[in-house]
$ cat protein-v4.txt   # compact mmCIF, C-alpha atoms
# COMPACT_ATOMS: atom_id res chain seq x y z
CA MET A 741 110.88 -87.28 13.89
CA ARG A 742 113.44 -87.58 11.19
CA LEU A 743 112.03 -86.48 7.85
CA ARG A 744 112.91 -88.68 4.94
CA LEU A 745 113.32 -86.54 1.86
CA LEU A 746 112.55 -88.36 -1.32
CA ARG A 747 112.23 -87.33 -4.88
CA PHE A 748 109.20 -89.34 -5.60
CA ALA A 749 108.57 -90.08 -9.20
CA PHE A 750 107.30 -93.46 -8.12
CA VAL A 751 104.45 -95.03 -6.25
CA TRP A 752 104.89 -95.42 -2.54
CA PRO A 753 104.35 -98.64 -0.65
CA VAL A 754 100.93 -99.81 0.33
CA ALA A 755 99.59 -99.78 3.85
CA LEU A 756 96.92 -102.41 4.32
CA SER A 757 96.40 -102.99 7.99
CA ALA A 758 93.62 -101.34 9.96
CA GLN A 759 94.43 -97.73 10.87
CA ALA A 760 97.96 -98.10 9.57
CA PRO A 761 100.21 -95.20 10.55
CA LEU A 762 101.59 -93.11 7.76
CA SER A 763 104.68 -90.95 7.64
CA ARG A 764 106.28 -89.70 4.44
CA GLY A 765 108.32 -86.73 3.37
CA PHE A 766 109.71 -85.43 0.11
CA SER A 767 111.34 -82.36 -1.30
CA VAL A 768 109.48 -80.05 -3.64
CA GLY A 769 109.70 -76.58 -5.11
CA PRO A 770 108.49 -73.61 -3.02
CA GLU A 771 105.41 -73.14 -5.21
CA VAL A 772 104.62 -76.77 -5.82
CA SER A 773 101.16 -77.63 -7.14
CA LEU A 774 99.87 -80.27 -4.80
CA ARG A 775 96.72 -82.35 -5.28
CA ILE A 776 95.35 -84.15 -2.25
CA TRP A 777 92.53 -86.62 -2.77
CA VAL A 778 91.02 -88.48 0.16
CA PRO A 779 87.55 -90.02 -0.29
CA GLU A 780 86.67 -90.10 3.40
CA GLY A 781 88.30 -88.96 6.60
CA SER A 782 90.15 -85.75 7.23
CA VAL A 783 92.82 -83.57 5.71
CA ARG A 784 94.66 -80.98 7.73
CA VAL A 785 96.92 -78.70 5.75
CA GLU A 786 99.58 -76.71 7.54
CA ALA A 787 102.21 -74.48 6.03
CA TRP A 788 105.86 -74.09 6.80
CA ASP A 789 108.81 -72.22 5.36
CA ARG A 790 110.58 -75.23 3.91
CA ASP A 791 110.72 -76.63 0.41
CA SER A 792 109.35 -79.99 1.35
CA VAL A 793 106.12 -81.77 2.04
CA ARG A 794 105.49 -83.94 5.06
CA VAL A 795 102.56 -86.33 5.30
CA VAL A 796 101.65 -88.00 8.57
CA GLY A 797 98.47 -89.66 9.69
CA SER A 798 96.73 -92.98 9.40
CA LEU A 799 94.93 -95.04 6.83
CA GLY A 800 91.74 -97.01 7.22
CA LYS A 801 91.52 -100.72 6.64
CA GLY A 802 91.76 -101.60 2.99
CA SER A 803 93.10 -98.17 2.10
CA ARG A 804 96.47 -97.23 0.79
CA PHE A 805 98.40 -94.05 0.25
CA VAL A 806 99.88 -93.29 -3.14
CA GLY A 807 102.21 -90.37 -3.67
CA SER A 808 103.46 -89.43 -7.09
CA GLY A 809 104.83 -86.53 -9.05
CA GLY A 810 107.92 -84.37 -8.89
CA THR A 811 109.11 -81.13 -7.42
CA GLN A 812 106.63 -78.91 -9.30
CA HIS A 813 103.54 -81.10 -9.35
CA ALA A 814 102.67 -83.83 -6.93
CA SER A 815 99.62 -85.77 -5.88
CA LEU A 816 98.82 -87.47 -2.61
CA VAL A 817 96.00 -89.95 -2.89
CA VAL A 818 94.28 -92.28 -0.49
CA GLU A 819 92.49 -95.03 -2.34
CA SER A 820 91.00 -98.45 -1.79
CA VAL A 821 93.28 -101.38 -2.38
CA ASP A 822 90.33 -103.13 -3.94
CA SER A 823 88.65 -100.71 -6.33
CA LYS A 824 85.41 -102.66 -5.97
CA ALA A 825 85.36 -102.45 -2.19
CA MET A 826 82.16 -100.93 -0.89
CA PRO A 827 83.45 -98.59 1.84
CA LEU A 828 85.15 -95.45 0.63
CA ALA A 829 88.89 -95.33 1.18
CA HIS A 830 89.60 -93.67 4.51
CA GLY A 831 92.54 -91.57 5.57
CA GLU A 832 93.38 -89.07 8.28
CA LEU A 833 96.18 -86.94 6.89
CA VAL A 834 98.15 -84.02 8.19
CA VAL A 835 100.01 -82.50 5.27
CA THR A 836 102.59 -79.80 5.82
CA VAL A 837 103.31 -77.86 2.66
CA PRO A 838 105.53 -74.99 1.55
CA ARG A 839 103.75 -71.79 2.46
CA LYS A 840 103.28 -70.64 -1.14
CA ALA A 841 102.21 -73.99 -2.48
CA LEU A 842 99.11 -74.32 -4.62
CA VAL A 843 97.01 -76.85 -2.74
CA TRP A 844 94.00 -78.61 -4.21
CA ILE A 845 92.04 -80.88 -1.91
CA LYS A 846 89.19 -83.21 -2.74
CA LEU A 847 87.47 -84.93 0.14
CA ALA A 848 84.06 -86.51 -0.31
CA GLN A 849 83.09 -86.86 3.32
CA GLY A 850 84.90 -85.53 6.35
CA ALA A 851 86.81 -82.52 7.57
CA VAL A 852 89.20 -80.23 5.78
CA VAL A 853 91.23 -77.89 7.96
CA ALA A 854 93.81 -75.52 6.51
CA SER A 855 95.82 -72.75 8.07
CA GLY A 856 98.78 -70.60 7.29
CA THR A 857 98.84 -71.05 3.54
CA ALA A 858 99.86 -68.12 1.37
CA GLY A 859 99.46 -69.54 -2.11
CA GLU A 860 96.22 -70.80 -3.53
CA LEU A 861 93.97 -73.17 -1.67
CA LYS A 862 91.03 -74.97 -3.21
CA ALA A 863 88.83 -77.51 -1.47
CA ILE A 864 86.07 -79.61 -3.01
CA THR A 865 83.87 -81.67 -0.73
CA VAL A 866 80.48 -83.31 -0.47
CA SER A 867 79.74 -83.16 3.23
CA GLY A 868 81.44 -82.53 6.54
CA THR A 869 83.27 -79.33 7.40
CA VAL A 870 85.78 -77.03 5.77
CA THR A 871 87.72 -74.70 8.04
CA VAL A 872 90.31 -72.25 6.78
CA SER A 873 92.14 -69.74 8.91
CA GLU A 874 95.09 -67.37 8.81
CA ALA A 875 95.54 -67.69 5.08
CA GLN A 876 96.68 -65.43 2.29
CA GLY A 877 96.13 -65.51 -1.43
CA THR A 878 93.08 -67.18 -2.87
CA VAL A 879 90.82 -69.53 -0.97
CA SER A 880 88.11 -71.41 -2.90
CA VAL A 881 85.66 -73.88 -1.47
CA GLU A 882 83.05 -75.83 -3.38
CA THR A 883 80.83 -78.16 -1.44
CA ILE A 884 77.48 -79.87 -1.67
CA ASP A 885 76.46 -79.41 1.93
CA ALA A 886 79.50 -79.08 4.15
CA ALA A 887 79.64 -76.32 6.73
CA VAL A 888 82.31 -73.80 5.79
CA SER A 889 84.17 -71.51 8.14
CA ILE A 890 86.80 -69.10 6.81
CA THR A 891 88.56 -66.77 9.19
CA SER A 892 91.30 -64.18 8.84
CA VAL A 893 92.10 -64.37 5.18
CA ARG A 894 94.00 -61.71 3.32
CA GLY A 895 93.09 -62.07 -0.32
CA GLU A 896 90.16 -63.50 -2.25
CA VAL A 897 87.60 -65.91 -0.90
CA HIS A 898 85.18 -67.86 -3.07
CA VAL A 899 82.62 -70.26 -1.64
CA ARG A 900 79.97 -72.17 -3.51
CA GLY A 901 77.76 -74.36 -1.40
CA GLY A 902 74.47 -76.15 -1.14
CA SER A 903 72.79 -76.49 2.22
CA GLY A 904 75.72 -76.04 4.59
CA ARG A 905 76.29 -72.86 6.57
CA VAL A 906 79.01 -70.52 5.36
CA GLN A 907 80.72 -68.32 7.94
CA LEU A 908 83.22 -65.69 6.87
CA SER A 909 85.00 -63.43 9.28
CA GLY A 910 88.00 -61.17 9.14
CA ILE A 911 88.24 -61.28 5.36
CA ASN A 912 90.68 -58.63 4.27
CA GLY A 913 89.96 -58.63 0.58
CA THR A 914 87.00 -59.67 -1.51
CA ALA A 915 84.52 -62.45 -0.90
CA THR A 916 81.99 -64.11 -3.17
CA THR A 917 79.63 -66.70 -1.80
CA ALA A 918 76.66 -68.50 -3.29
CA THR A 919 74.59 -71.12 -1.53
CA VAL A 920 71.29 -72.82 -2.17
CA ASN A 921 69.90 -73.34 1.30
CA GLY A 922 72.92 -72.65 3.43
CA ALA A 923 72.96 -69.64 5.71
CA VAL A 924 75.65 -67.09 4.97
CA GLU A 925 77.31 -65.00 7.65
CA LEU A 926 79.85 -62.25 7.11
CA ARG A 927 81.61 -60.52 9.97
CA GLY A 928 84.33 -57.94 10.12
CA ASP A 929 85.21 -54.52 11.42
CA SER A 930 86.67 -53.48 8.06
CA LEU A 931 84.76 -55.43 5.47
CA GLY A 932 85.90 -55.28 1.87
CA SER A 933 83.75 -55.79 -1.18
CA ALA A 934 81.65 -58.92 -1.22
CA SER A 935 78.88 -60.64 -3.10
CA LEU A 936 76.69 -62.97 -1.07
CA GLU A 937 73.89 -64.90 -2.72
CA THR A 938 71.53 -67.56 -1.54
CA ILE A 939 68.27 -69.08 -2.67
CA GLY A 940 66.63 -70.22 0.53
CA GLY A 941 69.24 -69.57 3.19
CA SER A 942 69.50 -66.48 5.32
CA ILE A 943 72.17 -63.81 4.99
CA GLN A 944 73.57 -61.96 7.96
CA VAL A 945 76.19 -59.25 7.94
CA TRP A 946 77.83 -57.87 11.04
CA GLY A 947 80.27 -54.99 11.15
CA ALA A 948 81.58 -51.98 9.32
CA LEU A 949 82.74 -51.55 5.76
CA GLU A 950 85.81 -50.01 4.22
CA HIS A 951 84.83 -46.68 2.76
CA SER A 952 85.11 -47.93 -0.82
CA ALA A 953 83.60 -51.34 -0.23
CA LEU A 954 80.49 -52.50 -2.04
CA ILE A 955 78.57 -55.44 -0.67
CA GLY A 956 75.85 -57.00 -2.78
CA LEU A 957 73.34 -59.29 -1.12
CA GLU A 958 70.79 -61.36 -2.98
CA SER A 959 68.29 -63.93 -1.78
CA HIS A 960 65.24 -65.64 -3.17
CA SER A 961 63.29 -66.53 -0.06
CA GLY A 962 65.88 -66.21 2.68
CA SER A 963 65.94 -63.25 5.03
CA ILE A 964 68.70 -60.64 4.95
CA THR A 965 69.77 -59.12 8.24
CA LEU A 966 72.31 -56.34 8.56
CA HIS A 967 73.87 -55.55 11.92
CA LEU A 968 75.57 -52.19 11.35
CA ASN A 969 77.24 -49.44 13.28
CA SER A 970 74.91 -46.47 13.26
CA LYS A 971 77.87 -44.07 13.50
CA ALA A 972 79.51 -45.48 10.38
CA LEU A 973 76.50 -46.41 8.38
CA PRO A 974 77.08 -47.38 4.75
CA SER A 975 74.65 -46.26 2.09
CA LEU A 976 71.83 -48.76 1.89
CA ALA A 977 69.71 -49.77 -1.08
CA LEU A 978 67.23 -52.37 0.12
CA THR A 979 64.42 -53.91 -1.90
CA SER A 980 62.29 -56.98 -1.51
CA ARG A 981 59.69 -57.89 -4.09
CA GLY A 982 57.49 -59.90 -1.78
CA GLY A 983 59.00 -59.39 1.65
CA THR A 984 59.17 -56.59 4.17
CA VAL A 985 62.01 -54.13 4.59
CA THR A 986 62.65 -52.87 8.10
CA ASN A 987 65.40 -50.33 8.56
CA ALA A 988 66.00 -48.98 12.03
CA LEU A 989 69.06 -46.94 11.07
CA GLY A 990 68.24 -44.89 7.98
CA ARG A 991 69.72 -44.81 4.49
CA GLY A 992 73.29 -43.99 5.47
CA GLU A 993 75.94 -42.26 3.43
CA GLY A 994 78.50 -43.45 0.96
CA LYS A 995 81.44 -42.52 3.20
CA ALA A 996 81.29 -45.87 4.94
CA GLY A 997 80.78 -48.09 1.93
CA HIS A 998 77.69 -49.29 0.12
CA ILE A 999 75.31 -52.17 0.63
CA VAL A 1000 72.80 -53.22 -2.01
CA ALA A 1001 70.41 -55.92 -0.86
CA HIS A 1002 67.60 -57.48 -2.82
CA SER A 1003 65.29 -60.36 -2.13
CA PHE A 1004 62.54 -61.99 -4.14
CA ARG A 1005 60.32 -62.62 -1.14
CA GLY A 1006 62.57 -62.65 1.89
CA SER A 1007 62.51 -59.96 4.55
CA ILE A 1008 65.30 -57.43 4.95
CA ILE A 1009 66.12 -56.07 8.38
CA VAL A 1010 68.70 -53.48 9.45
CA LEU A 1011 69.66 -53.44 13.10
CA PRO A 1012 72.24 -51.59 15.17
CA ILE A 1013 75.17 -53.77 15.97
CA ALA A 1014 76.00 -54.56 19.56
CA ALA A 1015 79.42 -53.22 20.44
CA THR A 1016 80.69 -56.58 21.61
CA VAL A 1017 79.60 -58.71 18.70
CA LEU A 1018 82.79 -58.49 16.70
CA ARG A 1019 85.15 -59.06 19.57
CA MET B 1380 33.61 -140.34 -81.37
CA THR B 1381 35.14 -143.78 -81.67
CA CYS B 1382 38.60 -144.89 -80.67
CA GLU B 1383 39.61 -145.07 -84.38
CA GLU B 1384 38.43 -141.53 -85.06
CA LEU B 1385 40.37 -140.30 -82.06
CA ALA B 1386 43.51 -142.02 -83.33
CA GLN B 1387 43.05 -140.40 -86.75
CA ARG B 1388 42.59 -136.91 -85.34
CA LEU B 1389 45.21 -137.16 -82.64
CA GLU B 1390 47.95 -135.47 -84.62
CA ALA B 1391 45.63 -132.57 -85.58
CA TRP B 1392 44.64 -132.20 -81.88
CA ARG B 1393 48.28 -132.20 -80.79
CA ASN B 1394 49.30 -129.49 -83.24
CA GLY B 1395 46.18 -127.43 -82.54
CA SER B 1396 44.64 -127.61 -86.01
CA LEU B 1397 41.56 -129.56 -84.94
CA PRO B 1398 38.41 -127.44 -84.83
CA GLU B 1399 37.21 -126.47 -81.37
CA GLY B 1400 34.11 -128.68 -81.43
CA LYS B 1401 35.93 -131.78 -82.61
CA ALA B 1402 38.73 -131.15 -80.09
CA ARG B 1403 36.19 -131.02 -77.22
CA ALA B 1404 34.57 -134.24 -78.50
CA LEU B 1405 37.97 -135.92 -78.67
CA GLU B 1406 38.81 -134.91 -75.11
CA GLN B 1407 35.38 -135.99 -73.94
CA HIS B 1408 35.97 -139.45 -75.39
CA ALA B 1409 39.44 -139.71 -73.85
CA ALA B 1410 37.97 -138.86 -70.48
CA ASP B 1411 35.77 -141.95 -70.68
CA CYS B 1412 38.22 -144.32 -72.46
CA VAL B 1413 41.30 -145.54 -70.63
CA SER B 1414 43.29 -146.54 -73.73
CA CYS B 1415 42.49 -143.33 -75.62
CA TYR B 1416 43.36 -141.29 -72.51
CA ALA B 1417 46.78 -142.97 -72.45
CA MET B 1418 47.27 -142.07 -76.12
CA LEU B 1419 46.19 -138.49 -75.54
CA ASP B 1420 48.45 -138.18 -72.50
CA GLN B 1421 51.40 -139.50 -74.47
CA ALA B 1422 50.66 -137.16 -77.38
CA SER B 1423 50.39 -134.09 -75.07
CA ARG B 1424 54.01 -134.45 -73.81
CA PRO B 1425 56.62 -132.28 -75.53
CA ALA B 1426 58.58 -134.22 -78.11
CA ASN B 1427 62.41 -134.64 -78.06
CA ILE B 1428 62.94 -133.32 -74.54
CA PRO B 1429 65.77 -135.18 -72.81
CA SER B 1430 65.03 -136.67 -69.42
CA ARG B 1431 67.96 -134.75 -67.84
CA ILE B 1432 69.26 -131.29 -68.79
CA PRO B 1433 72.91 -130.69 -67.90
CA PRO B 1434 73.39 -127.52 -65.73
CA PRO B 1435 75.20 -124.51 -67.18
CA GLU B 1436 78.95 -124.67 -66.84
CA GLY B 1437 80.17 -123.39 -63.41
CA LEU B 1438 76.71 -123.45 -61.84
CA ARG B 1439 77.57 -126.39 -59.61
CA GLU B 1440 80.74 -124.75 -58.24
CA ALA B 1441 79.05 -121.43 -57.77
CA THR B 1442 76.15 -123.04 -55.95
CA LEU B 1443 78.44 -125.05 -53.68
CA ALA B 1444 80.55 -121.96 -52.91
CA ALA B 1445 77.42 -120.00 -52.02
CA VAL B 1446 76.29 -122.77 -49.72
CA ARG B 1447 79.70 -122.87 -48.03
CA ARG B 1448 79.67 -119.08 -47.52
CA ARG B 1449 76.21 -119.22 -46.08
CA ARG B 1450 77.25 -121.95 -43.67
CA LEU B 1451 80.26 -119.87 -42.51
CA ARG B 1452 78.09 -116.80 -42.00
CA SER B 1453 75.60 -118.86 -40.13
CA ARG B 1454 78.33 -120.25 -37.87
CA ALA B 1455 79.76 -116.75 -37.22
CA THR B 1456 76.34 -115.37 -36.41
CA MET B 1457 75.70 -118.27 -34.11
CA SER B 1458 79.05 -117.75 -32.37
CA VAL B 1459 78.39 -114.05 -31.80
CA THR B 1460 74.91 -114.78 -30.57
CA LEU B 1461 76.26 -117.46 -28.28
CA MET B 1462 79.01 -115.26 -26.90
CA THR B 1463 76.57 -112.38 -26.35
CA GLY B 1464 74.23 -114.69 -24.57
CA VAL B 1465 76.98 -116.06 -22.35
CA ALA B 1466 78.20 -112.54 -21.54
CA ALA B 1467 74.68 -111.44 -20.71
CA LEU B 1468 74.26 -114.45 -18.44
CA VAL B 1469 77.55 -113.75 -16.70
CA LEU B 1470 76.61 -110.08 -16.19
CA LEU B 1471 73.20 -111.05 -14.94
CA ALA B 1472 74.72 -113.53 -12.51
CA TRP B 1473 77.17 -110.86 -11.35
CA PHE B 1474 74.44 -108.32 -10.78
CA LEU B 1475 72.25 -110.81 -8.98
CA ARG B 1476 75.00 -112.42 -6.93
CA PRO B 1477 74.17 -112.94 -3.26
CA GLY B 1478 75.23 -110.12 -0.97
CA ARG B 1479 75.70 -107.55 -3.68
CA LYS B 1480 74.62 -104.09 -2.58
CA LEU B 1481 72.66 -101.86 -4.88
CA GLU B 1482 75.32 -99.18 -5.12
CA SER B 1483 77.76 -99.32 -7.96
CA ASP B 1484 81.05 -100.99 -7.26
CA PHE B 1485 83.07 -98.34 -9.02
CA PRO B 1486 84.54 -95.54 -6.87
CA GLY B 1487 83.66 -92.70 -9.23
CA ALA B 1488 80.09 -93.83 -9.63
CA ARG B 1489 79.77 -94.33 -5.89
CA LEU B 1490 81.06 -90.82 -5.23
CA THR B 1491 78.61 -89.42 -7.77
CA LEU B 1492 75.82 -91.25 -5.95
CA VAL B 1493 76.95 -89.85 -2.61
CA ALA B 1494 77.17 -86.33 -4.03
CA THR B 1495 73.80 -86.60 -5.76
CA ASP B 1496 72.19 -87.86 -2.59
CA HIS B 1497 73.54 -84.92 -0.59
CA ALA B 1498 72.55 -82.48 -3.32
CA ARG B 1499 68.93 -83.60 -3.45
CA PRO B 1500 67.55 -80.99 -0.98
CA SER B 1501 69.38 -78.22 -2.80
CA LEU B 1502 68.12 -79.37 -6.19
CA ALA B 1503 64.56 -79.50 -4.83
CA ALA B 1504 64.93 -75.98 -3.45
CA LEU B 1505 66.19 -74.75 -6.79
CA ASP B 1506 63.26 -76.36 -8.59
CA ALA B 1507 60.78 -74.71 -6.23
CA ALA B 1508 62.45 -71.32 -6.58
CA GLU B 1509 62.52 -71.63 -10.34
CA SER B 1510 58.78 -72.39 -10.43
CA GLU B 1511 58.04 -69.36 -8.29
CA VAL B 1512 60.01 -67.02 -10.51
CA GLU B 1513 58.53 -68.51 -13.66
CA ASP B 1514 55.05 -67.92 -12.27
CA ALA B 1515 55.95 -64.33 -11.48
CA LEU B 1516 57.32 -63.89 -14.98
CA GLN B 1517 53.97 -64.87 -16.43
CA THR B 1518 52.34 -61.88 -14.76
CA SER B 1519 55.32 -59.55 -15.24
CA PRO B 1520 57.10 -60.79 -18.35
CA ASP B 1521 59.04 -57.56 -18.83
CA ASP B 1522 60.53 -57.38 -15.36
CA PRO B 1523 64.31 -57.63 -15.86
CA ALA B 1524 64.84 -58.44 -12.18
CA LEU B 1525 62.83 -61.63 -12.60
CA SER B 1526 64.80 -62.67 -15.64
CA THR B 1527 67.99 -62.08 -13.70
CA ALA B 1528 66.68 -64.10 -10.78
CA LEU B 1529 65.71 -66.96 -13.06
CA ALA B 1530 69.11 -66.95 -14.70
CA ARG B 1531 70.77 -66.99 -11.28
CA ILE B 1532 68.75 -69.99 -10.15
CA ARG B 1533 69.54 -71.91 -13.33
CA GLN B 1534 73.19 -71.03 -12.98
CA ALA B 1535 73.13 -72.35 -9.43
CA ARG B 1536 71.70 -75.63 -10.68
CA ASP B 1537 74.34 -75.88 -13.39
CA ASP B 1538 77.05 -75.18 -10.84
CA LEU B 1539 75.71 -77.87 -8.55
CA SER B 1540 75.54 -80.40 -11.36
CA GLN B 1541 79.08 -79.53 -12.37
CA LEU B 1542 80.25 -79.99 -8.81
CA ILE B 1543 78.60 -83.41 -8.62
CA GLY B 1544 80.42 -84.36 -11.80
CA GLU B 1545 83.69 -83.09 -10.42
CA ILE B 1546 83.28 -85.08 -7.22
CA GLY B 1547 82.76 -88.26 -9.21
CA SER B 1548 85.52 -87.68 -11.70

$ encode --input "protein-v4.txt" --output "structure tokens"
Amino acid sequence: MRLRLLRFAFVWPVALSAQAPLSRGFSVGPEVSLRIWVPEGSVRVEAWDRDSVRVVGSLGKGSRFVGSGGTQHASLVVESVDSKAMPLAHGELVVTVPRKALVWIKLAQGAVVASGTAGELKAITVSGTVTVSEAQGTVSVETIDAAVSITSVRGEVHVRGGSGRVQLSGINGTATTATVNGAVELRGDSLGSASLETIGGSIQVWGALEHSALIGLESHSGSITLHLNSKALPSLALTSRGGTVTNALGRGEGKAGHIVAHSFRGSIIVLPIAATVLR
Amino acid sequence: MTCEELAQRLEAWRNGSLPEGKARALEQHAADCVSCYAMLDQASRPANIPSRIPPPEGLREATLAAVRRRRLRSRATMSVTLMTGVAALVLLAWFLRPGRKLESDFPGARLTLVATDHARPSLAALDAAESEVEDALQTSPDDPALSTALARIRQARDDLSQLIGEIGS
């Protein structure tokens, strides 16, 4: 497909028909700040080593795509043609961005998928799913109750959620996660420092820590379960005000990192990890 | 008292020099005598008062100007009231129009509603957790861990509210 490169300090044409196809392209700077706002549908972000943005996909009936901005800042918006229309504007977009772009995505309902980015990625959603993989830099997700899955990220990961499950694996860097009712899972064979908090959700950690890593776990009523390698056991400080603490592996030593877990009334369990779990 | 005596004492009665007893007798007679009553009535009116007193200079213009201003204010008030009433009727008709759904027609407000609806279970969970920690604090008010837990729960609620606002903005 031939990519049309446009400098787009203007508003693009409107697509009105049902499931109208969309294909746009424009040149930008390598670290462009890009805002993507789709009320409902899906946004897939891919990265490439070009100084341009490509947008393909389709628009729902009564929805239009509006692109604006310049080479340093740009916004891609799907909106209703009639602002008083009852259904949310719908779009299914695949956006290919420069690898080091700063990408900000807002999607009320639907799926966000991002991979390969090396700049900063931030997603804000209400419900649906957020999936990030093979990324570098900073990844931030804020959601009311979407399920979040973040895999193979080198850098910082921040997730703030409500009742959706948060799954983190292969994080080579630091991770902070806070949920209300959503379960939190952290996996890795060389886990860095992390802070995982939840009110009513459960917390599960699988794997081994870097020797200097410190993982803090906090829950109100949710259980905390640690699946750890008994031969590389981190030092463990486990307390639960109203729940039980069951540790099958001992206190561990500081040579394999530190885990501090506390719960208001949730149980805390330490189990030996199965050798195949992380593969 | 006779009619002649009344006529003789009328001037003294009018200027107030007639003794109290004679004045009462004079009035008593006038009450029973039509002609003497007419004389007494005539004598009791103030002398030399013109039938029409001219108004002070400028009073007429000032009064008319005040009336005109009052009419203008009245018209303006009526116009505003009328316009407000019409606007209220139009809004009411719009809100009650057939087929209108209860959700707001504005995208931002709709998104806020969607976000709030999805956040309801989380907000309820936060409320319950907050109550639990507050109860625990009543029995252990000096426990710093409880204060920290309470602050964390409240922070989580603030964060959620902020996120709802951000979704709708």

$ closest_residue --input "protein-v4.txt" --among "A:Leu842, A:Ala829, A:Ala923, A:Ala988" --to "chain B" --atoms "all atoms listed in the file"
A:Ala829

$ interface_residues --input "protein-v4.txt" --of "chain B" --to "chain A" --cutoff "9 Å" --atoms "all atoms listed in the file" --output "NGL selection string"
:B and (1480 or 1482-1486 or 1489-1490 or 1493-1495 or 1497-1498 or 1500-1502 or 1504-1505 or 1508 or 1512 or 1525 or 1528 or 1532 or 1535-1536 or 1538-1539 or 1542-1543 or 1545-1546)

$ residues_around --input "protein-v4.txt" --residues "Ala996 in chain A" --least-positions-apart "3" --cutoff "6 Å" --atoms "all atoms listed in the file" --output "ChimeraX atom specification"
/A:949,951,972-974

$ residues_around --input "protein-v4.txt" --residues "Glu896 in chain A" --least-positions-apart "6" --cutoff "8 Å" --atoms "only C-alpha atoms" --output "PDB file with C-alpha atoms, in the coordinates of the input"
ATOM      1  CA  GLY A 877      96.130 -65.510  -1.430  1.00  0.00           C
ATOM      2  CA  THR A 878      93.080 -67.180  -2.870  1.00  0.00           C
ATOM      3  CA  VAL A 879      90.820 -69.530  -0.970  1.00  0.00           C
ATOM      4  CA  GLY A 913      89.960 -58.630   0.580  1.00  0.00           C
ATOM      5  CA  THR A 914      87.000 -59.670  -1.510  1.00  0.00           C
ATOM      6  CA  ALA A 915      84.520 -62.450  -0.900  1.00  0.00           C
TER       7      ALA A 915
END

$ closest_residue --input "protein-v4.txt" --among "A:Asn969, A:Ser980, A:Asn912, A:Thr986" --to "Ala953 in chain A" --atoms "all atoms listed in the file"
A:Asn912

$ residues_around --input "protein-v4.txt" --residues "Ala1386 in chain B" --least-positions-apart "6" --cutoff "12 Å" --atoms "all atoms listed in the file" --output "list in words"
Met1380, Trp1392, Arg1393, Leu1405, Glu1406, His1408, Ala1409, Ser1414, Cys1415, Tyr1416, Ala1417, Met1418, Leu1419 and Ala1422 of chain B

$ atom_distance --input "protein-v4.txt" --atom1 "CA of Gln812 in chain A" --atom2 "CA of Val837 in chain A"
12.5 Å

$ atom_distance --input "protein-v4.txt" --atom1 "CA of Arg794 in chain A" --atom2 "CA of Val899 in chain A"
27.5 Å

$ residues_around --input "protein-v4.txt" --residues "Leu954 in chain A" --least-positions-apart "3" --cutoff "10 Å" --atoms "all atoms listed in the file" --output "ChimeraX atom specification"
/A:914,931-935,949-951,957,974-975,994,996-1000

$ atom_distance --input "protein-v4.txt" --atom1 "CA of Val796 in chain A" --atom2 "CA of Lys862 in chain A"
20.5 Å

$ axis_aligned_box --input "protein-v4.txt" --around "range 1512-1526 of chain B" --padding-each-side "8 Å" --output "AutoDock Vina command-line options"
--center_x 58.6 --center_y -62.9 --center_z -14.7 --size_x 28.5 --size_y 27.1 --size_z 24.3

$ closest_residue --input "protein-v4.txt" --among "A:Ser803, A:Ser792, A:Asn987, A:Ser952" --to "Val778 in chain A" --atoms "all atoms listed in the file"
A:Ser803

$ residues_near_point --input "protein-v4.txt" --point "(103.7, -88.7, 0.9)" --cutoff "8 Å" --atoms "all atoms listed in the file" --output "list in words"
Trp752, Ser763, Arg764, Gly765, Phe766, Val793, Arg794, Val795, Val796, Phe805, Val806, Gly807 and Leu816 of chain A

$ residues_near_point --input "protein-v4.txt" --point "(103.6, -73.3, -3.8)" --cutoff "12 Å" --atoms "only C-alpha atoms" --output "VMD selection string"
chain A and resid 768 to 775 787 to 793 811 to 814 836 to 844 857 to 861 877

$ closest_residue --input "protein-v4.txt" --among "A:Val1010, A:Lys971, A:Leu978, A:Gly800" --to "Lys995 in chain A" --atoms "all atoms listed in the file"
A:Lys971
